[in-house]
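**Q** Sharing input.csv here; it has CSV, C-alpha atoms.
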```
chain,number,residue,atom,x,y,z
A,1,MET,CA,-20.7,8.2,17.8
A,2,PRO,CA,-20.1,5.3,15.3
A,3,LEU,CA,-17.3,5.5,12.8
A,4,PRO,CA,-18.6,6.7,9.4
A,5,ALA,CA,-16.8,3.8,7.7
A,6,ALA,CA,-18.1,1.2,10.2
A,7,THR,CA,-20.5,-0.4,7.7
A,8,LEU,CA,-18.0,-0.3,4.7
A,9,HIS,CA,-17.4,-3.8,3.3
A,10,TYR,CA,-15.8,-5.1,0.1
A,11,PRO,CA,-16.3,-8.0,-2.3
A,12,HIS,CA,-14.5,-11.2,-1.5
A,13,ASP,CA,-14.1,-14.9,-2.6
A,14,ARG,CA,-13.2,-17.3,0.2
A,15,VAL,CA,-13.9,-16.3,3.8
A,16,LEU,CA,-10.7,-16.9,5.9
A,17,LEU,CA,-11.9,-15.0,9.0
A,18,ASN,CA,-15.4,-13.6,9.1
A,19,ARG,CA,-16.0,-10.3,10.9
A,20,THR,CA,-14.9,-11.0,14.5
A,21,ARG,CA,-14.3,-8.9,17.6
A,22,LEU,CA,-10.6,-7.8,17.6
A,23,ALA,CA,-10.2,-8.9,21.2
A,24,TYR,CA,-10.3,-12.5,20.0
A,25,VAL,CA,-7.8,-12.2,17.2
A,26,HIS,CA,-4.0,-11.5,17.3
A,27,LEU,CA,-3.2,-9.7,14.1
A,28,ARG,CA,0.5,-10.6,13.9
A,29,ASN,CA,-0.3,-14.3,14.4
A,30,LEU,CA,-3.0,-14.1,11.7
A,31,LEU,CA,-0.6,-12.6,9.2
A,32,THR,CA,2.1,-15.2,10.1
A,33,ASP,CA,-0.5,-18.0,9.5
A,34,ALA,CA,-1.2,-16.5,6.1
A,35,LYS,CA,2.5,-17.2,5.1
A,36,ARG,CA,2.5,-20.9,6.0
A,37,ASP,CA,2.7,-23.5,3.3
A,38,ARG,CA,-1.0,-24.4,3.4
A,39,ALA,CA,-2.0,-20.8,2.6
A,40,ALA,CA,1.2,-19.5,1.0
A,41,LYS,CA,-0.5,-18.2,-2.2
A,42,ILE,CA,-3.3,-16.1,-0.6
A,43,TYR,CA,-4.3,-12.9,-2.4
A,44,GLY,CA,-6.7,-11.0,-0.3
A,45,PHE,CA,-7.2,-8.3,2.3
A,46,VAL,CA,-7.6,-7.8,6.0
A,47,SER,CA,-10.1,-5.1,7.2
A,48,VAL,CA,-9.8,-3.8,10.7
A,49,TRP,CA,-12.5,-1.5,12.1
A,50,LEU,CA,-10.8,0.5,14.9
A,51,PRO,CA,-12.7,3.0,17.1
A,52,GLU,CA,-11.4,6.0,15.0
A,53,GLU,CA,-10.4,4.5,11.6
A,54,LEU,CA,-10.9,1.6,9.2
A,55,LEU,CA,-7.6,0.0,8.3
A,56,LEU,CA,-7.1,-2.1,5.1
A,57,LEU,CA,-4.1,-4.4,4.7
A,58,PHE,CA,-3.6,-5.7,1.1
A,59,MET,CA,-2.0,-9.1,0.7
A,60,GLN,CA,-0.3,-11.0,-2.2
A,61,GLU,CA,1.0,-14.5,-1.8
A,62,GLY,CA,0.5,-14.4,2.0
A,63,GLU,CA,2.5,-11.2,2.5
A,64,VAL,CA,1.2,-7.8,3.4
A,65,VAL,CA,2.2,-5.5,0.4
A,66,ASN,CA,0.3,-2.3,1.1
A,67,ALA,CA,-2.0,-0.5,3.6
A,68,THR,CA,-4.6,2.3,3.7
A,69,ALA,CA,-6.9,3.9,6.3
A,70,THR,CA,-10.0,6.0,6.3
A,71,VAL,CA,-12.1,7.8,8.8
A,72,ASP,CA,-15.2,8.6,6.7
A,73,GLY,CA,-15.0,5.8,4.1
A,74,MET,CA,-14.5,8.2,1.2
A,75,THR,CA,-11.1,9.8,1.8
A,76,PHE,CA,-8.2,7.3,2.3
A,77,ARG,CA,-4.6,7.9,3.3
A,78,PRO,CA,-1.7,5.6,2.4
A,79,LEU,CA,0.1,3.9,5.2
A,80,SER,CA,3.4,2.1,5.4
A,81,ILE,CA,3.0,-1.6,6.2
A,82,ALA,CA,4.7,-1.2,9.6
A,83,GLU,CA,2.5,1.8,10.5
A,84,GLY,CA,-0.6,0.0,9.5
A,85,ILE,CA,0.2,-3.1,11.6
A,86,ALA,CA,1.2,-1.0,14.5
A,87,MET,CA,-2.2,0.7,14.6
A,88,VAL,CA,-3.8,-2.5,15.8
A,89,PRO,CA,-3.2,-3.1,19.5
A,90,SER,CA,-2.4,-6.6,20.6
A,91,ALA,CA,-5.2,-6.7,23.2
A,92,ALA,CA,-7.9,-4.5,21.8
A,93,GLU,CA,-11.1,-4.0,23.8
A,94,PHE,CA,-12.9,-2.4,20.8
A,95,GLY,CA,-12.8,-3.0,17.1
A,96,GLU,CA,-13.5,-5.8,14.6
A,97,ILE,CA,-11.5,-7.7,12.0
A,98,CYS,CA,-12.0,-9.8,9.0
A,99,PHE,CA,-9.8,-11.6,6.5
A,100,TYR,CA,-11.0,-12.5,3.0
A,101,GLU,CA,-9.4,-13.9,-0.1
A,102,ALA,CA,-9.9,-11.8,-3.2
A,103,ASP,CA,-8.8,-11.5,-6.8
A,104,ASP,CA,-5.6,-9.6,-7.5
A,105,GLU,CA,-7.4,-7.4,-10.0
A,106,GLN,CA,-9.9,-6.5,-7.3
A,107,LEU,CA,-7.1,-5.6,-4.9
A,108,ALA,CA,-5.7,-3.2,-7.4
A,109,THR,CA,-9.1,-1.8,-8.1
A,110,MET,CA,-9.8,-1.2,-4.4
A,111,TYR,CA,-6.4,0.5,-3.8
A,112,TRP,CA,-6.5,2.8,-6.8
A,113,SER,CA,-10.1,3.8,-6.3
A,114,GLN,CA,-9.0,4.9,-2.8
A,115,MET,CA,-5.9,6.8,-4.0
A,116,LEU,CA,-6.9,8.4,-7.3
A,117,GLU,CA,-9.4,11.1,-8.1
A,118,PRO,CA,-12.5,9.8,-9.9
A,119,VAL,CA,-13.4,10.8,-13.5
A,120,ALA,CA,-16.2,13.4,-13.5
A,121,TRP,CA,-19.6,12.3,-14.8
A,122,PRO,CA,-21.2,14.7,-17.2
A,123,ALA,CA,-23.4,17.2,-15.3
A,124,GLU,CA,-26.5,16.2,-17.2
A,125,LEU,CA,-26.1,12.4,-16.7
A,126,ASN,CA,-28.5,10.7,-14.3
A,127,VAL,CA,-26.2,8.1,-12.5
A,128,HIS,CA,-29.3,6.3,-11.2
A,129,ASP,CA,-30.4,5.5,-14.7
A,130,PRO,CA,-28.5,2.3,-15.9
A,131,ALA,CA,-29.3,2.9,-19.5
A,132,ALA,CA,-27.8,6.4,-19.4
A,133,VAL,CA,-24.7,5.2,-17.6
A,134,PHE,CA,-24.1,2.3,-20.0
A,135,GLY,CA,-24.8,4.6,-22.9
A,136,PHE,CA,-22.2,7.1,-21.7
A,137,LEU,CA,-19.6,4.3,-21.2
A,138,ASN,CA,-20.3,2.9,-24.6
A,139,ALA,CA,-20.2,6.3,-26.3
A,140,THR,CA,-16.8,7.1,-24.7
A,141,MET,CA,-15.4,3.6,-25.1
A,142,HIS,CA,-14.3,3.9,-21.5
A,143,ASP,CA,-11.7,1.6,-20.0
A,144,GLY,CA,-11.8,1.6,-16.2
A,145,VAL,CA,-14.1,1.0,-13.3
A,146,VAL,CA,-17.6,2.0,-12.2
A,147,GLU,CA,-17.9,2.0,-8.4
A,148,VAL,CA,-21.3,1.8,-6.7
A,149,ARG,CA,-21.6,2.2,-2.9
A,150,ALA,CA,-24.8,0.4,-1.8
A,151,GLU,CA,-26.9,1.7,1.0
A,152,ASP,CA,-25.7,-1.0,3.3
A,153,GLY,CA,-22.0,0.0,2.9
A,154,GLY,CA,-21.1,-2.6,0.3
A,155,VAL,CA,-18.6,-1.4,-2.3
A,156,ASN,CA,-19.2,-2.9,-5.8
A,157,TYR,CA,-17.1,-2.6,-8.9
A,158,GLY,CA,-18.0,-3.0,-12.6
A,159,ILE,CA,-14.9,-3.5,-14.7
A,160,VAL,CA,-15.3,-1.6,-18.0
A,161,ARG,CA,-13.5,-2.5,-21.2
A,162,ASN,CA,-14.2,-0.7,-24.5
A,163,GLY,CA,-17.3,0.8,-23.0
A,164,GLY,CA,-18.9,-2.5,-21.9
A,165,ILE,CA,-19.1,-4.2,-18.5
A,166,ALA,CA,-16.6,-7.1,-18.8
A,167,ARG,CA,-16.9,-8.4,-15.3
A,168,GLY,CA,-17.5,-7.3,-11.8
A,169,PHE,CA,-16.7,-7.7,-8.1
A,170,PHE,CA,-19.8,-7.4,-5.9
A,171,ALA,CA,-20.1,-7.1,-2.1
A,172,GLY,CA,-23.6,-8.7,-1.9
A,173,GLU,CA,-24.7,-12.3,-2.2
A,174,ASN,CA,-24.0,-14.1,-5.4
A,175,VAL,CA,-26.9,-14.2,-7.8
A,176,ALA,CA,-27.2,-17.4,-9.8
A,177,ASN,CA,-26.6,-16.9,-13.5
A,178,ALA,CA,-26.7,-13.1,-13.2
A,179,SER,CA,-24.2,-11.3,-15.4
A,180,ALA,CA,-22.0,-8.5,-14.2
A,181,GLU,CA,-24.0,-6.0,-16.2
A,182,ALA,CA,-27.3,-7.3,-14.7
A,183,ARG,CA,-26.0,-7.0,-11.2
A,184,LEU,CA,-24.6,-3.5,-11.9
A,185,THR,CA,-27.9,-2.5,-13.4
A,186,ALA,CA,-29.7,-3.5,-10.2
A,187,LEU,CA,-27.3,-1.6,-8.1
A,188,LEU,CA,-27.6,1.6,-10.1
A,189,ALA,CA,-31.4,1.5,-10.3
A,190,GLY,CA,-32.0,0.3,-6.7
A,191,GLY,CA,-32.9,3.0,-4.3
A,192,ARG,CA,-32.1,6.7,-4.4
A,193,ILE,CA,-28.5,7.3,-3.3
A,194,ALA,CA,-28.4,10.7,-1.7
A,195,GLU,CA,-24.9,11.7,-2.6
A,196,ARG,CA,-23.8,11.7,-6.3
A,197,LYS,CA,-20.3,10.7,-5.5
A,198,LYS,CA,-21.4,7.3,-4.2
A,199,THR,CA,-21.6,6.2,-7.9
A,200,ARG,CA,-18.2,7.0,-9.2
A,201,LEU,CA,-16.1,6.4,-12.4
A,202,TRP,CA,-12.4,5.6,-12.4
A,203,PRO,CA,-9.7,5.1,-15.1
A,204,LEU,CA,-8.1,1.8,-15.7
A,205,PRO,CA,-6.2,0.9,-12.4
A,206,PRO,CA,-2.5,0.0,-12.6
A,207,PRO,CA,-1.3,-3.2,-10.7
A,208,LEU,CA,-1.4,-3.0,-6.9
A,209,PRO,CA,1.8,-1.3,-5.7
A,210,VAL,CA,4.1,-3.5,-3.6
A,211,GLN,CA,5.7,-1.5,-0.8
A,212,ALA,CA,9.3,-2.1,0.3
A,213,PRO,CA,9.1,-4.6,3.2
A,214,PRO,CA,9.7,-3.3,6.7
A,215,ALA,CA,12.6,-5.6,7.1
A,216,MET,CA,14.3,-4.1,4.1
A,217,ILE,CA,13.7,-0.5,5.4
A,218,GLN,CA,15.2,-1.5,8.7
A,219,ALA,CA,18.2,-3.1,7.0
A,220,TYR,CA,18.8,0.2,5.1
A,221,ARG,CA,18.5,2.2,8.4
A,222,ASP,CA,21.0,-0.2,10.0
A,223,LEU,CA,23.4,0.1,7.1
A,224,MET,CA,23.4,3.9,7.1
A,225,ALA,CA,23.9,4.0,10.9
A,226,SER,CA,26.8,1.6,10.5
A,227,ILE,CA,28.5,3.7,7.9
A,228,VAL,CA,28.2,6.8,10.0
A,229,LYS,CA,29.5,5.0,13.1
A,230,ARG,CA,32.5,3.6,11.2
A,231,LEU,CA,33.3,7.0,9.8
A,232,VAL,CA,33.2,8.6,13.3
A,233,GLU,CA,35.3,5.8,14.8
A,234,GLY,CA,37.8,6.4,12.0
A,235,GLY,CA,38.2,10.1,13.0
A,236,VAL,CA,35.6,11.8,10.8
A,237,GLU,CA,33.7,13.5,13.7
A,238,GLY,CA,31.5,15.5,11.4
A,239,ALA,CA,30.1,12.5,9.6
A,240,PRO,CA,26.6,12.7,11.3
A,241,GLN,CA,26.2,16.3,10.2
A,242,VAL,CA,27.4,15.6,6.7
A,243,THR,CA,25.0,12.6,6.5
A,244,GLU,CA,22.0,14.7,7.6
A,245,HIS,CA,22.9,17.5,5.2
A,246,ALA,CA,23.1,15.0,2.3
A,247,ARG,CA,19.8,13.5,3.3
A,248,MET,CA,18.1,16.9,3.3
A,249,MET,CA,19.6,17.9,0.0
A,250,LEU,CA,18.3,14.7,-1.6
A,251,VAL,CA,14.8,14.7,-0.1
A,252,GLU,CA,13.2,16.7,-2.9
A,253,ARG,CA,14.5,14.2,-5.5
A,254,HIS,CA,13.9,11.1,-3.2
A,255,PRO,CA,10.9,11.9,-0.9
A,256,CYS,CA,11.2,8.6,1.0
A,257,LEU,CA,14.4,9.9,2.6
A,258,ASP,CA,12.1,12.3,4.6
A,259,ARG,CA,11.5,9.3,6.9
A,260,PHE,CA,15.2,8.4,7.3
A,261,SER,CA,16.5,10.8,9.8
A,262,LEU,CA,19.2,9.1,11.8
A,263,THR,CA,18.6,11.5,14.7
A,264,HIS,CA,14.9,10.8,15.2
A,265,PRO,CA,14.4,8.2,18.0
A,266,HIS,CA,11.3,6.6,16.4
A,267,PRO,CA,11.2,7.3,12.7
A,268,ARG,CA,8.1,6.1,10.7
A,269,ASP,CA,8.6,4.0,7.7
A,270,PRO,CA,8.1,5.6,4.3
A,271,VAL,CA,5.4,4.6,1.9
A,272,THR,CA,7.5,3.6,-1.1
A,273,GLU,CA,8.4,0.7,-3.4
A,274,THR,CA,11.7,-1.1,-3.3
A,275,PRO,CA,13.2,0.4,-6.5
A,276,ALA,CA,12.5,4.0,-5.3
A,277,LEU,CA,13.9,3.2,-1.9
A,278,THR,CA,17.0,1.6,-3.2
A,279,ALA,CA,17.7,4.5,-5.6
A,280,ALA,CA,17.3,6.9,-2.7
A,281,ILE,CA,19.7,5.0,-0.4
A,282,GLY,CA,22.2,4.5,-3.2
A,283,ALA,CA,22.2,8.3,-3.9
A,284,TRP,CA,22.5,9.0,-0.1
A,285,ILE,CA,25.5,6.7,0.4
A,286,GLY,CA,27.1,8.0,-2.8
A,287,GLU,CA,26.7,11.7,-1.7
A,288,LEU,CA,28.0,10.9,1.8
A,289,LEU,CA,31.1,8.9,0.8
A,290,TRP,CA,32.0,11.3,-2.0
A,291,THR,CA,32.1,14.1,0.6
A,292,VAL,CA,33.8,12.3,3.5
A,293,ALA,CA,36.2,9.5,2.7
A,294,PRO,CA,37.0,6.9,5.3
A,295,ALA,CA,40.0,8.0,7.4
A,296,ASP,CA,41.6,4.5,7.5
A,297,GLY,CA,42.3,4.5,3.7
A,298,LYS,CA,39.5,2.2,2.7
A,299,THR,CA,37.8,2.9,-0.5
A,300,PRO,CA,34.0,3.6,-0.4
A,301,GLY,CA,33.5,0.2,-2.1
A,302,GLN,CA,35.5,-1.6,0.5
A,303,LEU,CA,33.7,0.2,3.4
A,304,VAL,CA,30.2,-0.6,2.1
A,305,GLY,CA,31.2,-4.2,1.2
A,306,GLU,CA,32.4,-4.8,4.7
A,307,LEU,CA,29.3,-3.3,6.4
A,308,ALA,CA,26.8,-4.9,4.0
A,309,ARG,CA,28.3,-8.4,4.0
A,310,GLU,CA,25.9,-9.9,6.5
A,311,ARG,CA,22.8,-8.8,4.5
A,312,ARG,CA,24.4,-8.8,1.1
A,313,HIS,CA,21.8,-11.2,-0.5
A,314,MET,CA,19.0,-8.8,0.6
A,315,PHE,CA,20.8,-5.8,-0.7
A,316,GLN,CA,21.8,-7.5,-4.0
A,317,SER,CA,18.2,-8.6,-4.7
A,318,ALA,CA,17.0,-5.0,-4.0
A,319,GLY,CA,19.6,-3.7,-6.5
A,320,LEU,CA,21.6,-1.6,-4.0
A,321,PHE,CA,25.0,-2.5,-5.3
A,322,ASP,CA,24.0,-1.5,-8.9
A,323,ALA,CA,22.7,1.9,-7.5
A,324,LEU,CA,26.1,2.9,-6.0
A,325,PRO,CA,28.6,4.9,-8.0
A,326,TRP,CA,31.5,2.4,-7.4
A,327,LYS,CA,32.0,-1.3,-7.5
A,328,ILE,CA,31.7,-3.1,-4.1
A,329,GLU,CA,34.9,-4.8,-3.0
A,330,TRP,CA,34.3,-7.8,-0.8
```
In structure tokens, what does this structure look like?
**A**
Amino acid sequence: MPLPAATLHYPHDRVLLNRTRLAYVHLRNLLTDAKRDRAAKIYGFVSVWLPEELLLLFMQEGEVVNATATVDGMTFRPLSIAEGIAMVPSAAEFGEICFYEADDEQLATMYWSQMLEPVAWPAELNVHDPAAVFGFLNATMHDGVVEVRAEDGGVNYGIVRNGGIARGFFAGENVANASAEARLTALLAGGRIAERKKTRLWPLPPPLPVQAPPAMIQAYRDLMASIVKRLVEGGVEGAPQVTEHARMMLVERHPCLDRFSLTHPHPRDPVTETPALTAAIGAWIGELLWTVAPADGKTPGQLVGELARERRHMFQSAGLFDALPWKIEW
């Protein structure tokens, strides 16, 4: 049975890798190539059609910054970057992949139209009548996005500002001298779309969220493990239990800590941005070292400074030292 999202495809600018069998492409090498000098500023996306899911990797300046996946092409789930990349086997027999350059505004539109609930159309509005749709947008002075799923699986976006179609991103062939409103008109009127939700309305999308990089997440895991190890070596035998209790106590306020159990052999990365992650780790370290002090007489600032020294520039740029309740002593 084919994947329901198998035909789903999105607008793009430059083609960096057309749809190709996954067996012929090594994803990690492809992503590494996107970061080289000749392609260092790429904004775009990678689509990977796996046997059970469609995976989307969003890229800014050659770096993967977010990821989503869908089974049916309508309901998407957010993924951590590491989890998304790990879904793609290095020697896949089945599946296809493409890599396209795309406008940053389009990337934000794609992501938020997958994550947010659409705005409801009025029950009496015929979404196959362009005049009715444009009249409604104009009357409400809507700011946002009209999404139209074409019958071939193409996902098209009309960007709405003050009730008018300002521009658009279209999955079909470019039409010479055709305005965004004219192209959207043709899509709305062309054919009879069986499901009403295939023409959907969205609010104005925020910028594309940039997840905390996997390397930073791993650095925080290593730092927490080092703190616990040093406490145990210094005679605080209950440090692991105190650390876990502090984590569980903070999870409600900092949900990303749910993926930071130090006892889990293979924890998954959280889907979170760097400021939220740093605030969570800062609160966790603060709670731990207020509860159990190092037995060798070091202050919490001295202990963290010693253990964080090797990666101090990464932690400094992430704001960790500002998130702690004491000054770091180097």
**Q** Do you have the atom CA of Ala219 of chain A-atom CA of Asp296 of chain A distance handy?
**A**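 Answer for the atom CA of Ala219 of chain A to atom CA of Asp296 of chain A separation: 24.6 Å.
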**Q** Which residue is closest to Val292 of chain A? Choose from A:Gly235, A:Gly144, A:Pro275, A:Gly319 and count all atoms listed in the file.
**A** A:Gly235
**Q** So what do you get for atom CA of Ala5 of chain A versus atom CA of Gly158 of chain A, distance-wise?
**A**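 Between atom CA of Ala5 of chain A and atom CA of Gly158 of chain A the gap is 21.4 Å.
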**Q** Residues within 9 Å of Glu83 of chain A, please, as a PyMOL selection string. Count all atoms listed in the file; anything in the same chain fewer than 3 positions from it doesn't count.
**A** chain A and resi 67+79-80+86-87+268-269
**Q** Show which residues sit within 9 Å of Ile281 of chain A, as a VMD selection string. Count all atoms listed in the file, and ignore same-chain residues fewer than 6 positions away.
**A** chain A and resid 220 224 254 257 320 323 to 324
**Q** Store the residues picked out above in a file with C-alpha atoms, as a PDB file, in the coordinates of the input.
**A**
```pdb
ATOM      1  CA  TYR A 220      18.800   0.200   5.100  1.00  0.00           C
ATOM      2  CA  MET A 224      23.400   3.900   7.100  1.00  0.00           C
ATOM      3  CA  HIS A 254      13.900  11.100  -3.200  1.00  0.00           C
ATOM      4  CA  LEU A 257      14.400   9.900   2.600  1.00  0.00           C
ATOM      5  CA  LEU A 320      21.600  -1.600  -4.000  1.00  0.00           C
ATOM      6  CA  ALA A 323      22.700   1.900  -7.500  1.00  0.00           C
ATOM      7  CA  LEU A 324      26.100   2.900  -6.000  1.00  0.00           C
TER       8      LEU A 324
END
```
**Q** Out of A:Ala215, A:Glu306, A:Pro325, A:Leu288, which residue has the shortest atom-to-atom distance to Thr274 of chain A when counting only C-alpha atoms?
**A** A:Ala215
**Q** Anything within 10 Å of (-6.7, 0.6, -3.5): list those residues as an MDAnalysis selection string, counting only C-alpha atoms and sticking to the file's coordinates.
**A** chainID A and resid 56:58 66:68 76 78 106:116 205 207:209
**Q** Can you measure atom CA of Glu147 of chain A to atom CA of Met59 of chain A for me? One decimal in Å is fine.
**A**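 Between these atoms lies a distance of 21.4 Å.
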**Q** Could you tell me which of A:Thr7, A:Thr140, A:Asn174, A:Gln316 comes closest to Val155 of chain A if we count all atoms listed in the file?
**A**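 Checking each candidate against Val155 of chain A, we get A:Thr7 as the closest.
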**Q** Do a neighbour search on Asn162 of chain A at 10 Å with all atoms listed in the file, toss out local chain neighbours closer than 6 positions, and write the hits as a list in words.
**A**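 Once the nearby chain positions are removed, what remains is Leu137, Asn138, Ala139, Thr140, Met141, His142, Asp143 and Gly144 of chain A.
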**Q** With all atoms listed in the file as the atoms that count, which of A:Gly84, A:Gly95, A:Gly282, A:Pro294 lies nearest to Leu231 of chain A?
**A** A:Pro294
**Q** Any idea what's packed within 10 Å of segment 98-102 of chain A, counting all atoms listed in the file, ignoring anything in its chain fewer than 5 positions away? Could you give it as a PyMOL selection string?
**A** chain A and resi 9-22+25+30-31+34+42-49+56-60+107+169
**Q** Of the candidates A:Ala283, A:Glu124, A:Asp222, A:Ala131, which shows the shortest atom-to-atom distance to Val251 of chain A, using all atoms listed in the file?
**A**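 Of the candidates, the smallest distance to Val251 of chain A is held by A:Ala283.
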